[in-house]
>>> print(open('model15.cif').read())   # mmCIF, C-alpha atoms and all ligand atoms
data_model
#
loop_
_atom_site.label_atom_id
_atom_site.label_comp_id
_atom_site.auth_asym_id
_atom_site.auth_seq_id
_atom_site.Cartn_x
_atom_site.Cartn_y
_atom_site.Cartn_z
CA MET P 1 0.00 0.00 0.00
CA SER P 2 2.69 2.48 1.03
CA ASN P 3 4.65 1.50 -2.07
CA THR P 4 1.70 2.36 -4.32
CA LEU P 5 1.32 5.73 -2.67
CA LYS P 6 5.01 6.47 -3.16
CA ILE P 7 4.79 5.68 -6.85
CA GLN P 8 1.74 7.88 -7.24
CA SER P 9 3.38 10.82 -5.54
CA THR P 10 6.53 10.52 -7.71
CA HIS P 11 4.37 10.35 -10.77
CA SER P 12 2.40 13.45 -9.91
CA LYS P 13 5.64 15.33 -9.16
CA ASN P 14 6.96 14.32 -12.59
CA ALA P 15 3.71 15.38 -14.17
CA ARG P 16 4.13 18.86 -12.64
CA ARG P 17 7.80 19.19 -13.61
CA PHE P 18 7.05 18.19 -17.17
CA SER P 19 3.67 19.85 -17.60
CA ALA P 20 4.77 22.15 -20.47
CA ILE P 21 6.33 19.41 -22.59
CA THR P 22 3.42 17.08 -21.78
CA GLN P 23 0.93 19.67 -22.95
CA LYS P 24 2.89 20.23 -26.17
CA PHE P 25 2.95 16.47 -26.75
CA GLU P 26 -0.82 16.27 -26.32
CA GLU P 27 -1.37 19.17 -28.69
CA THR P 28 0.83 17.49 -31.30
CA PHE P 29 -0.18 13.84 -30.98
CA GLY P 30 -3.60 14.02 -29.34
CA THR P 31 -2.69 11.82 -26.35
CA PRO P 32 -0.39 12.34 -23.34
CA PRO P 33 3.18 10.93 -23.43
CA THR P 34 3.92 7.91 -21.25
CA PHE P 35 7.45 8.89 -20.28
CA ILE P 36 10.08 11.61 -20.45
CA ALA P 37 13.73 10.69 -21.08
CA SER P 38 15.83 13.46 -19.64
CA ALA P 39 19.60 14.03 -19.97
CA PRO P 40 21.50 16.89 -18.33
CA GLY P 41 24.24 19.08 -19.77
CA ARG P 42 27.69 18.92 -18.22
CA VAL P 43 30.49 21.23 -17.28
CA ASN P 44 34.01 19.92 -17.01
CA LEU P 45 35.88 21.34 -14.02
CA ILE P 46 39.29 20.23 -15.28
CA GLY P 47 40.78 17.71 -17.72
CA GLU P 48 40.16 19.10 -21.18
CA HIS P 49 41.12 17.20 -24.35
CA THR P 50 42.52 14.45 -22.15
CA ASP P 51 39.73 11.88 -22.65
CA TYR P 52 40.74 10.80 -26.17
CA ASN P 53 44.33 10.60 -24.93
CA ASP P 54 43.31 7.86 -22.47
CA GLY P 55 43.66 10.36 -19.62
CA TYR P 56 41.62 11.70 -16.72
CA VAL P 57 38.64 14.08 -16.58
CA PHE P 58 36.65 15.68 -13.77
CA PRO P 59 33.20 16.79 -15.01
CA VAL P 60 29.85 17.41 -13.28
CA ALA P 61 26.30 17.10 -14.60
CA ILE P 62 24.40 20.39 -14.42
CA ASP P 63 20.77 21.39 -13.92
CA LYS P 64 20.05 22.06 -17.58
CA TYR P 65 18.25 19.30 -19.45
CA LEU P 66 17.40 17.93 -22.84
CA ASN P 67 14.01 16.22 -22.56
CA ILE P 68 12.30 13.79 -24.89
CA ALA P 69 8.61 13.22 -24.15
CA ALA P 70 7.41 10.09 -25.91
CA ARG P 71 4.84 7.35 -26.30
CA ARG P 72 5.49 3.95 -27.88
CA ARG P 73 3.84 3.35 -31.26
CA SER P 74 2.52 0.03 -32.47
CA ASP P 75 4.42 0.34 -35.78
CA PRO P 76 8.16 0.86 -36.40
CA ARG P 77 7.82 4.59 -37.21
CA VAL P 78 9.60 7.22 -35.15
CA VAL P 79 7.90 10.59 -35.44
CA LEU P 80 9.97 13.43 -34.02
CA HIS P 81 9.37 17.13 -33.40
CA ALA P 82 12.23 19.29 -32.14
CA LEU P 83 10.45 22.24 -30.56
CA ASP P 84 13.41 24.54 -30.03
CA VAL P 85 14.39 24.57 -33.71
CA ASN P 86 10.87 23.97 -34.97
CA GLU P 87 11.83 21.04 -37.18
CA SER P 88 10.38 17.57 -37.65
CA ALA P 89 11.70 14.25 -38.88
CA GLU P 90 10.36 10.77 -39.44
CA VAL P 91 12.37 7.58 -39.41
CA CYS P 92 11.41 3.94 -39.92
CA LEU P 93 13.19 1.44 -37.68
CA ASP P 94 12.88 -1.19 -40.42
CA ARG P 95 15.07 0.83 -42.76
CA LEU P 96 17.92 1.86 -40.52
CA PRO P 97 20.56 3.14 -40.81
CA SER P 98 19.40 4.84 -43.99
CA MET P 99 18.98 8.56 -43.48
CA PRO P 100 15.80 10.13 -44.93
CA ARG P 101 16.58 12.71 -47.62
CA GLN P 102 16.91 16.23 -46.21
CA ALA P 103 16.88 14.92 -42.67
CA PRO P 104 17.64 17.74 -40.21
CA ALA P 105 21.16 17.59 -38.72
CA TRP P 106 19.92 16.72 -35.19
CA SER P 107 18.07 13.65 -36.46
CA ARG P 108 21.41 11.98 -37.24
CA TYR P 109 21.88 11.48 -33.51
CA LEU P 110 18.57 9.65 -33.17
CA ILE P 111 19.14 7.59 -36.30
CA GLY P 112 22.63 6.72 -35.06
CA VAL P 113 21.38 5.75 -31.61
CA ALA P 114 18.52 3.61 -32.95
CA SER P 115 20.80 1.87 -35.48
CA LEU P 116 23.47 1.00 -32.92
CA LEU P 117 20.94 -0.10 -30.29
CA GLN P 118 19.29 -2.35 -32.84
CA ALA P 119 22.63 -3.75 -34.01
CA SER P 120 23.56 -4.51 -30.40
CA GLY P 121 20.46 -6.67 -30.08
CA ARG P 122 18.59 -4.40 -27.68
CA LYS P 123 14.84 -4.13 -27.89
CA ILE P 124 13.65 -0.75 -29.15
CA ALA P 125 10.32 0.41 -30.60
CA GLY P 126 8.76 3.09 -32.74
CA MET P 127 7.52 6.17 -30.90
CA ASP P 128 6.00 9.61 -31.17
CA ALA P 129 8.33 12.12 -29.54
CA ILE P 130 8.78 15.79 -28.71
CA ILE P 131 12.30 17.07 -28.07
CA THR P 132 13.00 20.25 -26.13
CA GLY P 133 15.39 21.53 -23.50
CA ASP P 134 17.48 24.29 -22.00
CA VAL P 135 21.02 22.98 -22.57
CA PRO P 136 22.36 25.79 -24.78
CA ILE P 137 23.01 24.35 -28.24
CA GLY P 138 26.65 24.23 -29.40
CA ALA P 139 27.92 26.07 -26.32
CA GLY P 140 30.33 23.45 -25.00
CA LEU P 141 27.92 22.09 -22.38
CA SER P 142 27.33 18.81 -24.25
CA SER P 143 24.03 19.52 -25.93
CA SER P 144 24.72 16.87 -28.57
CA ALA P 145 25.71 14.19 -26.07
CA ALA P 146 22.54 15.09 -24.12
CA LEU P 147 20.53 14.44 -27.27
CA SER P 148 22.07 11.04 -27.94
CA VAL P 149 21.87 9.97 -24.28
CA ALA P 150 18.22 11.07 -23.93
CA ALA P 151 17.42 9.36 -27.26
CA THR P 152 19.07 6.14 -26.06
CA LEU P 153 16.96 6.07 -22.90
CA ALA P 154 13.83 6.97 -24.90
CA PHE P 155 14.31 4.13 -27.40
CA LEU P 156 14.96 1.64 -24.59
CA ALA P 157 11.93 2.87 -22.64
CA ALA P 158 9.74 2.59 -25.74
CA GLY P 159 11.11 -0.92 -26.36
CA ALA P 160 10.33 -2.09 -22.84
CA ASP P 161 7.19 0.03 -22.44
CA THR P 162 7.67 -0.16 -18.71
CA GLU P 163 10.18 1.05 -16.13
CA VAL P 164 13.46 -0.90 -16.42
CA PRO P 165 16.39 -0.11 -14.13
CA ILE P 166 19.69 0.47 -15.92
CA SER P 167 22.75 -0.79 -14.06
CA GLU P 168 25.98 1.22 -13.74
CA ASN P 169 27.69 -1.28 -16.07
CA ASP P 170 24.99 -0.86 -18.60
CA LYS P 171 25.38 2.91 -18.37
CA THR P 172 29.07 2.61 -19.22
CA GLU P 173 28.16 0.48 -22.26
CA LEU P 174 25.50 2.93 -23.36
CA ALA P 175 27.98 5.81 -23.03
CA ALA P 176 30.31 3.98 -25.43
CA LEU P 177 27.42 3.44 -27.83
CA CYS P 178 26.60 7.17 -27.80
CA GLN P 179 30.26 7.97 -28.41
CA ARG P 180 30.15 5.71 -31.49
CA VAL P 181 27.19 7.74 -32.76
CA GLU P 182 29.43 10.85 -32.79
CA HIS P 183 32.22 8.93 -34.54
CA GLU P 184 30.15 7.03 -37.10
CA PHE P 185 27.13 9.23 -37.76
CA VAL P 186 28.35 12.76 -37.03
CA GLY P 187 32.08 12.62 -37.84
CA VAL P 188 33.47 13.98 -34.55
CA LYS P 189 36.16 11.73 -33.08
CA CYS P 190 35.21 12.70 -29.54
CA GLY P 191 36.29 11.04 -26.31
CA ILE P 192 34.08 9.32 -23.75
CA MET P 193 33.77 12.07 -21.12
CA ASP P 194 30.47 13.71 -22.06
CA GLN P 195 28.38 10.60 -22.53
CA THR P 196 29.76 9.04 -19.32
CA ILE P 197 29.07 12.00 -17.04
CA LEU P 198 25.62 12.46 -18.55
CA LEU P 199 24.74 8.88 -17.66
CA LEU P 200 26.66 8.52 -14.39
CA GLY P 201 26.44 12.02 -12.88
CA GLN P 202 25.46 12.30 -9.22
CA GLU P 203 24.07 15.29 -7.37
CA ASN P 204 26.80 17.36 -5.65
CA CYS P 205 29.58 15.08 -6.93
CA ALA P 206 32.20 15.42 -9.63
CA LEU P 207 33.12 12.29 -11.58
CA PHE P 208 36.81 11.43 -11.49
CA LEU P 209 37.01 9.24 -14.58
CA ASP P 210 39.92 7.28 -15.94
CA CYS P 211 39.14 7.31 -19.66
CA ARG P 212 41.33 4.27 -20.34
CA SER P 213 40.04 1.77 -17.78
CA LEU P 214 36.68 3.57 -17.43
CA GLU P 215 37.04 3.22 -13.67
CA TYR P 216 35.46 6.13 -11.89
CA GLU P 217 34.84 7.65 -8.52
CA HIS P 218 32.12 10.07 -7.47
CA VAL P 219 33.94 12.77 -5.53
CA PRO P 220 31.67 14.82 -3.21
CA LEU P 221 32.03 18.53 -3.94
CA ASN P 222 32.00 20.60 -0.82
CA LEU P 223 31.45 24.03 -2.33
CA ALA P 224 30.72 25.63 1.07
CA ASP P 225 30.15 29.35 0.31
CA TYR P 226 31.18 29.00 -3.32
CA ALA P 227 29.24 28.43 -6.51
CA ILE P 228 29.99 27.15 -9.99
CA ALA P 229 29.28 29.87 -12.54
CA ILE P 230 29.18 29.26 -16.27
CA CYS P 231 29.61 32.13 -18.76
CA ASN P 232 28.53 31.61 -22.34
CA THR P 233 30.56 33.66 -24.86
CA LYS P 234 27.66 33.33 -27.32
CA VAL P 235 30.29 32.74 -29.98
CA LYS P 236 29.35 30.04 -32.51
CA ARG P 237 31.92 27.29 -32.62
CA GLU P 238 32.69 27.47 -36.36
CA LEU P 239 35.00 24.73 -37.69
CA ALA P 240 35.18 23.25 -34.20
CA ALA P 241 34.72 19.66 -35.45
CA SER P 242 37.61 19.72 -37.92
CA ALA P 243 39.95 21.52 -35.49
CA TYR P 244 38.99 18.98 -32.82
CA ASN P 245 39.84 16.00 -35.04
CA LYS P 246 43.08 17.74 -36.01
CA ARG P 247 44.16 18.08 -32.36
CA ARG P 248 43.44 14.42 -31.80
CA ALA P 249 45.58 13.46 -34.82
CA GLU P 250 48.42 15.73 -33.60
CA CYS P 251 48.46 13.91 -30.26
CA GLU P 252 48.51 10.54 -32.00
CA ARG P 253 51.45 11.64 -34.17
CA GLY P 254 53.27 12.76 -31.03
CA VAL P 255 52.79 9.31 -29.49
CA GLU P 256 54.09 7.62 -32.66
CA THR P 257 57.30 9.64 -32.60
CA LEU P 258 57.84 9.30 -28.85
CA ARG P 259 57.29 5.55 -29.09
CA ARG P 260 60.67 5.22 -30.81
CA ARG P 261 62.23 6.28 -27.50
CA LEU P 262 59.58 4.94 -25.13
CA PRO P 263 58.49 1.66 -26.75
CA GLY P 264 55.92 0.74 -24.08
CA ILE P 265 53.63 3.74 -24.63
CA THR P 266 50.31 3.65 -26.45
CA SER P 267 48.98 7.11 -25.57
CA LEU P 268 50.04 10.40 -23.96
CA ARG P 269 48.58 9.05 -20.75
CA ASP P 270 51.60 6.76 -20.46
CA ILE P 271 54.19 9.56 -20.47
CA GLY P 272 55.28 11.50 -17.41
CA LEU P 273 56.67 15.03 -17.66
CA THR P 274 60.20 13.91 -16.78
CA ASP P 275 60.36 11.45 -19.69
CA PHE P 276 58.67 13.91 -21.99
CA LYS P 277 61.28 16.59 -21.26
CA LYS P 278 64.04 14.17 -22.28
CA TYR P 279 62.63 13.63 -25.76
CA GLU P 280 60.36 16.57 -26.55
CA GLU P 281 62.97 18.23 -28.78
CA GLU P 282 62.49 15.40 -31.27
CA LEU P 283 58.93 16.51 -31.95
CA PRO P 284 57.91 19.28 -34.36
CA THR P 285 57.19 22.48 -32.36
CA LEU P 286 53.40 22.32 -32.66
CA THR P 287 53.18 18.63 -31.74
CA GLN P 288 55.48 19.32 -28.81
CA LYS P 289 53.14 22.02 -27.51
CA ARG P 290 50.06 19.81 -27.89
CA CYS P 291 51.66 16.87 -26.09
CA ARG P 292 53.08 19.00 -23.29
CA TYR P 293 49.65 20.43 -22.58
CA VAL P 294 47.99 17.00 -22.39
CA ILE P 295 50.68 15.53 -20.14
CA GLU P 296 50.50 18.50 -17.77
CA GLU P 297 46.69 18.52 -17.79
CA ASN P 298 46.50 14.85 -16.81
CA ALA P 299 48.68 15.59 -13.80
CA ARG P 300 46.47 18.54 -12.89
CA VAL P 301 43.31 16.41 -12.93
CA VAL P 302 44.84 13.80 -10.65
CA GLU P 303 45.94 16.57 -8.30
CA ALA P 304 42.53 18.29 -8.37
CA ALA P 305 40.71 15.07 -7.54
CA SER P 306 43.05 14.24 -4.68
CA ILE P 307 42.72 17.77 -3.24
CA LEU P 308 38.94 17.48 -3.21
CA LYS P 309 39.03 13.96 -1.82
CA ALA P 310 41.26 14.95 1.11
CA ARG P 311 39.11 15.89 4.05
CA SER P 312 41.94 17.44 6.05
CA GLN P 313 41.64 20.91 4.46
CA ARG P 314 38.98 23.59 4.79
CA ALA P 315 36.68 23.87 1.75
CA ASP P 316 37.91 27.35 0.82
CA GLU P 317 41.53 26.18 0.90
CA SER P 318 40.77 23.18 -1.35
CA LEU P 319 38.81 25.37 -3.74
CA MET P 320 41.64 27.87 -3.90
CA GLU P 321 44.01 25.08 -4.97
CA LEU P 322 41.46 23.80 -7.46
CA GLY P 323 41.16 27.37 -8.77
CA HIS P 324 44.92 27.61 -9.36
CA LEU P 325 44.82 24.35 -11.30
CA MET P 326 41.86 25.59 -13.35
CA ASN P 327 43.75 28.77 -14.24
CA ALA P 328 46.81 26.77 -15.26
CA SER P 329 44.57 24.49 -17.34
CA HIS P 330 43.14 27.47 -19.21
CA ASN P 331 46.59 28.94 -19.83
CA GLY P 332 47.69 25.62 -21.32
CA LEU P 333 44.60 25.41 -23.54
CA ARG P 334 45.21 28.99 -24.68
CA ASP P 335 48.97 28.88 -25.26
CA HIS P 336 49.88 25.27 -25.97
CA TYR P 337 46.80 23.40 -27.12
CA GLN P 338 45.46 26.54 -28.83
CA VAL P 339 41.76 25.77 -28.67
CA SER P 340 40.70 28.91 -26.82
CA CYS P 341 39.61 32.14 -28.53
CA THR P 342 39.63 35.89 -27.80
CA GLU P 343 36.20 35.82 -26.19
CA LEU P 344 36.98 32.89 -23.86
CA ASN P 345 40.27 34.52 -22.85
CA LEU P 346 38.49 37.79 -22.19
CA LEU P 347 35.89 36.13 -19.97
CA THR P 348 38.52 34.31 -17.92
CA ASP P 349 40.65 37.48 -17.61
CA ILE P 350 37.71 39.54 -16.35
CA ALA P 351 36.66 36.78 -13.94
CA ARG P 352 40.13 36.27 -12.46
CA ASP P 353 40.29 39.99 -11.62
CA ILE P 354 37.23 39.82 -9.38
CA THR P 355 37.75 39.28 -5.65
CA GLY P 356 36.08 36.05 -4.60
CA VAL P 357 36.84 34.18 -7.84
CA MET P 358 39.02 31.15 -7.13
CA GLY P 359 39.68 30.20 -10.73
CA SER P 360 38.29 30.42 -14.23
CA ARG P 361 38.85 28.43 -17.41
CA MET P 362 37.29 27.53 -20.73
CA THR P 363 35.36 24.28 -20.64
CA GLY P 364 34.53 21.76 -23.37
CA ALA P 365 36.14 21.52 -26.79
CA GLY P 366 36.80 25.28 -27.09
CA PHE P 367 36.80 27.69 -30.08
CA GLY P 368 33.87 29.47 -28.41
CA GLY P 369 31.34 28.07 -25.97
CA CYS P 370 31.62 28.59 -22.22
CA THR P 371 33.92 29.25 -19.29
CA VAL P 372 33.54 27.76 -15.82
CA SER P 373 34.48 29.71 -12.68
CA ILE P 374 34.41 29.07 -8.94
CA VAL P 375 32.91 32.16 -7.34
CA HIS P 376 32.15 33.12 -3.73
CA ARG P 377 28.39 33.54 -3.17
CA ASP P 378 28.89 37.13 -2.00
CA ALA P 379 30.75 37.98 -5.19
CA LEU P 380 28.14 36.55 -7.57
CA GLU P 381 26.36 39.85 -8.16
CA THR P 382 29.60 41.72 -8.86
CA PHE P 383 30.65 38.81 -11.08
CA GLN P 384 27.45 39.04 -13.09
CA ARG P 385 27.65 42.84 -13.43
CA ARG P 386 31.37 43.15 -14.22
CA ILE P 387 31.38 40.30 -16.73
CA THR P 388 28.28 41.55 -18.50
CA THR P 389 29.55 45.14 -18.77
CA ALA P 390 33.20 44.53 -19.58
CA TYR P 391 32.51 41.71 -22.03
CA HIS P 392 29.89 43.74 -23.85
CA GLU P 393 32.17 46.79 -24.01
CA GLN P 394 34.95 44.82 -25.67
CA THR P 395 33.00 42.46 -27.93
CA GLY P 396 29.57 44.00 -28.45
CA LEU P 397 28.13 40.65 -27.27
CA ALA P 398 25.83 39.94 -24.34
CA PRO P 399 27.18 36.91 -22.47
CA GLU P 400 24.84 34.54 -20.69
CA ILE P 401 25.73 33.67 -17.10
CA TYR P 402 24.34 30.65 -15.25
CA ARG P 403 24.87 29.61 -11.67
CA CYS P 404 24.69 25.88 -11.92
CA HIS P 405 23.79 23.16 -9.47
CA VAL P 406 25.58 19.84 -9.68
CA SER P 407 22.90 17.34 -10.58
CA ASP P 408 22.09 13.70 -11.20
CA GLY P 409 22.63 12.06 -14.56
CA ALA P 410 20.08 11.03 -17.17
CA HIS P 411 16.82 9.43 -16.12
CA VAL P 412 13.50 8.21 -17.48
CA TYR P 413 10.44 9.63 -15.72
CA TRP P 414 7.18 7.74 -16.22
CA ILE P 415 4.08 9.89 -16.29
C1 LIG X 501 34.15 17.61 -26.39
C2 LIG X 501 34.23 16.10 -26.58
C3 LIG X 501 34.81 15.42 -25.34
C4 LIG X 501 36.11 16.08 -24.89
C5 LIG X 501 35.96 17.60 -24.84
C6 LIG X 501 37.27 18.29 -24.58
O1 LIG X 501 33.22 17.92 -25.39
O2 LIG X 501 32.96 15.56 -26.84
O3 LIG X 501 35.00 14.06 -25.59
O4 LIG X 501 37.17 15.70 -25.70
O5 LIG X 501 35.42 18.13 -26.03
O6 LIG X 501 37.75 17.97 -23.32
#
>>> encode(input="model15.cif", output="structure tokens", more="lines below")
Ligand code: GLA
Amino acid sequence: MSNTLKIQSTHSKNARRFSAITQKFEETFGTPPTFIASAPGRVNLIGEHTDYNDGYVFPVAIDKYLNIAARRRSDPRVVLHALDVNESAEVCLDRLPSMPRQAPAWSRYLIGVASLLQASGRKIAGMDAIITGDVPIGAGLSSSAALSVAATLAFLAAGADTEVPISENDKTELAALCQRVEHEFVGVKCGIMDQTILLLGQENCALFLDCRSLEYEHVPLNLADYAIAICNTKVKRELAASAYNKRRAECERGVETLRRRLPGITSLRDIGLTDFKKYEEELPTLTQKRCRYVIEENARVVEAASILKARSQRADESLMELGHLMNASHNGLRDHYQVSCTELNLLTDIARDITGVMGSRMTGAGFGGCTVSIVHRDALETFQRRITTAYHEQTGLAPEIYRCHVSDGAHVYWI
């Protein structure tokens, strides 16, 4: 009896939280949805461009979500409406992975997810679906991973047509499947960070992830009087995909050359700074800079995680050390890895000048997108005002600033 009541109260809470998307679904399809698959965005605190080098990352899931409201269909059709871009697409599960002519770009993610789920032998089903959310698109907060992760959960929910728990192991497998969607259907040779944090995120914890072994640890974040603030440059990330793939190839070339001296290595993860310094002169200048950044960044992530895990320090002291590491990470991304841009550098410069800011860096792939800063609560208003004014004065752009809460990973809510 008490169990039934609990389920009912969760369901009515979900119904309230998702009332707008539910209403839109009813207007479009004439019946209510049966579930909402919801995936958060993410912000990476430190460990950028290390995931595809088999290294370490330290992201958190944030309280911005991509939601897919859906209802299983009795035929293999998938009818999709993306509210925020006002576009529709229709796919037939019997004809995958063929892409309908003039399919909108976002539908590739759903087609990719459905094709790979089907190929892996998982049960999926046709559905009517509405897609909408508040993860800013193309702003370095993993809007595309949120789409593929939410789509994965939606297809699985439609296939089962009932609540099915997904184990942690299964989540790791699904993250790899979503990564393959980027590689095989979108053409971005991304790492595994985004999909993993989106599936495994936990409220008030950062995920210390070893991208080689996929072992992870949820590290509680004691932010005390501090907050995580995200600033969106509002700069479109033009050519980001090709520059991203190019960086990855540069790192791989570096490993090939260094392997002549260090035969046991298979990725930059295997090289310590001391060894690197012995042989770095043998690399072309650019490759040298790229590799140096990755090797140093891996060390910074390990240090950041161990600082936050140690309980012997006061929160403000730990956050100050984390802030220093974040600043050093940004400087490396700007000067050595060269994936920052004027606007990101400007935002971090303005932020670092404000009393109460522990550290500030670009986050995500770069070339535009967002910065992440650790800011004292009392300084948040000044932060908002100074960033908005100074950034606008120098670029003519209005940045968006979000205070984010560290949230749980993706979930299916039954209505
Ligand atoms: C993008 C990719 C990730 C990661 C970051 C940079 O978000 O999807 O795999 O490489 O860039 O750290």
>>> atom_distance(input="model15.cif", atom1="CA of Val301 in chain P", atom2="CA of His330 in chain P")
12.7 Å
>>> residues_around(input="model15.cif", residues="Lys277 in chain P", least_positions_apart="4", cutoff="12 Å", atoms="only C-alpha atoms", output="NGL selection string")
:P and (258 or 271-273 or 281-283 or 288-289 or 291-292 or 295-296)
>>> residues_near_ligand(input="model15.cif", ligand="ligand LIG 501 (chain X)", cutoff="7 Å", atoms="all atoms listed in the file", output="mmCIF file with C-alpha atoms, in the coordinates of the input")
data_model
loop_
_atom_site.group_PDB
_atom_site.id
_atom_site.type_symbol
_atom_site.label_atom_id
_atom_site.label_comp_id
_atom_site.auth_asym_id
_atom_site.auth_seq_id
_atom_site.Cartn_x
_atom_site.Cartn_y
_atom_site.Cartn_z
ATOM 1 C CA GLY P 47 40.780 17.710 -17.720
ATOM 2 C CA GLU P 48 40.160 19.100 -21.180
ATOM 3 C CA HIS P 49 41.120 17.200 -24.350
ATOM 4 C CA THR P 50 42.520 14.450 -22.150
ATOM 5 C CA ASP P 51 39.730 11.880 -22.650
ATOM 6 C CA TYR P 52 40.740 10.800 -26.170
ATOM 7 C CA GLY P 140 30.330 23.450 -25.000
ATOM 8 C CA SER P 142 27.330 18.810 -24.250
ATOM 9 C CA CYS P 190 35.210 12.700 -29.540
ATOM 10 C CA GLY P 191 36.290 11.040 -26.310
ATOM 11 C CA ILE P 192 34.080 9.320 -23.750
ATOM 12 C CA MET P 193 33.770 12.070 -21.120
ATOM 13 C CA ASP P 194 30.470 13.710 -22.060
ATOM 14 C CA GLY P 364 34.530 21.760 -23.370
ATOM 15 C CA ALA P 365 36.140 21.520 -26.790
#
>>> atom_distance(input="model15.cif", atom1="CA of Pro284 in chain P", atom2="CA of Arg260 in chain P")
14.8 Å
>>> closest_atom_pairs(input="model15.cif", of="range 97-191 of chain P", to="range 18-29 of chain P", cutoff="12 Å", atoms="all atoms listed in the file", output="Markdown table")
| residue | atom | partner | partner_atom | distance |
| --- | --- | --- | --- | --- |
| P:Met127 | CA | P:Phe29 | CA | 10.9 |
| P:Asp128 | CA | P:Phe29 | CA | 7.5 |
| P:Ala129 | CA | P:Phe25 | CA | 7.5 |
| P:Ile130 | CA | P:Phe25 | CA | 6.2 |
| P:Ile131 | CA | P:Ile21 | CA | 8.4 |
| P:Thr132 | CA | P:Ile21 | CA | 7.6 |
| P:Gly133 | CA | P:Ile21 | CA | 9.3 |
>>> residues_around(input="model15.cif", residues="range 169-185 of chain P", least_positions_apart="6", cutoff="6 Å", atoms="only C-alpha atoms", output="PDB file with C-alpha atoms, keeping the file's coordinate frame")
ATOM      1  CA  GLY P 112      22.630   6.720 -35.060  1.00  0.00           C
ATOM      2  CA  SER P 148      22.070  11.040 -27.940  1.00  0.00           C
ATOM      3  CA  GLN P 195      28.380  10.600 -22.530  1.00  0.00           C
ATOM      4  CA  THR P 196      29.760   9.040 -19.320  1.00  0.00           C
TER       5      THR P 196
END
>>> atom_distance(input="model15.cif", atom1="CA of Val149 in chain P", atom2="CA of Leu96 in chain P")
18.6 Å
>>> residues_around(input="model15.cif", residues="Asp270 in chain P", least_positions_apart="4", cutoff="9 Å", atoms="only C-alpha atoms", output="ChimeraX atom specification")
/P:54-55,264-266,295
>>> closest_residue(input="model15.cif", among="P:Gln384, P:Ser143, P:Thr34, P:Asn44", to="Ile354 in chain P", atoms="all atoms listed in the file")
P:Gln384
>>> closest_residue(input="model15.cif", among="P:Val375, P:Ala315, P:Val164, P:Ala146", to="Asp134 in chain P", atoms="all atoms listed in the file")
P:Ala146
>>> closest_residue(input="model15.cif", among="P:Arg73, P:Thr162, P:Tyr56, P:Arg269", to="Thr31 in chain P", atoms="all atoms listed in the file")
P:Arg73
>>> residues_near_point(input="model15.cif", point="(36.0, 10.5, -11.9)", cutoff="9 Å", atoms="only C-alpha atoms", output="number ranges by chain")
P: 56-59, 197, 206-211, 214-219, 305
>>> residues_around(input="model15.cif", residues="Val339 in chain P", least_positions_apart="4", cutoff="9 Å", atoms="all atoms listed in the file", output="NGL selection string")
:P and (240 or 243-244 or 247 or 333-335 or 365-368)
>>> residues_around(input="model15.cif", residues="range 405-414 of chain P", least_positions_apart="2", cutoff="8 Å", atoms="only C-alpha atoms", output="ChimeraX atom specification")
/P:11,14,34-40,60-63,149-150,153-154,157,163,197-206,228,403
>>> write_last_selection(input="model15.cif", atoms="C-alpha atoms", output="tab-separated table (two decimals), in the frame of the given file")
chain	number	residue	atom	x	y	z
P	11	HIS	CA	4.37	10.35	-10.77
P	14	ASN	CA	6.96	14.32	-12.59
P	34	THR	CA	3.92	7.91	-21.25
P	35	PHE	CA	7.45	8.89	-20.28
P	36	ILE	CA	10.08	11.61	-20.45
P	37	ALA	CA	13.73	10.69	-21.08
P	38	SER	CA	15.83	13.46	-19.64
P	39	ALA	CA	19.60	14.03	-19.97
P	40	PRO	CA	21.50	16.89	-18.33
P	60	VAL	CA	29.85	17.41	-13.28
P	61	ALA	CA	26.30	17.10	-14.60
P	62	ILE	CA	24.40	20.39	-14.42
P	63	ASP	CA	20.77	21.39	-13.92
P	149	VAL	CA	21.87	9.97	-24.28
P	150	ALA	CA	18.22	11.07	-23.93
P	153	LEU	CA	16.96	6.07	-22.90
P	154	ALA	CA	13.83	6.97	-24.90
P	157	ALA	CA	11.93	2.87	-22.64
P	163	GLU	CA	10.18	1.05	-16.13
P	197	ILE	CA	29.07	12.00	-17.04
P	198	LEU	CA	25.62	12.46	-18.55
P	199	LEU	CA	24.74	8.88	-17.66
P	200	LEU	CA	26.66	8.52	-14.39
P	201	GLY	CA	26.44	12.02	-12.88
P	202	GLN	CA	25.46	12.30	-9.22
P	203	GLU	CA	24.07	15.29	-7.37
P	204	ASN	CA	26.80	17.36	-5.65
P	205	CYS	CA	29.58	15.08	-6.93
P	206	ALA	CA	32.20	15.42	-9.63
P	228	ILE	CA	29.99	27.15	-9.99
P	403	ARG	CA	24.87	29.61	-11.67
>>> closest_residue(input="model15.cif", among="P:Val135, P:Leu262, P:Leu117, P:Leu221", to="Leu319 in chain P", atoms="all atoms listed in the file")
P:Leu221
>>> closest_residue(input="model15.cif", among="P:Asn222, P:Ser242, P:Thr274, P:Asn345", to="Gln394 in chain P", atoms="only C-alpha atoms")
P:Asn345
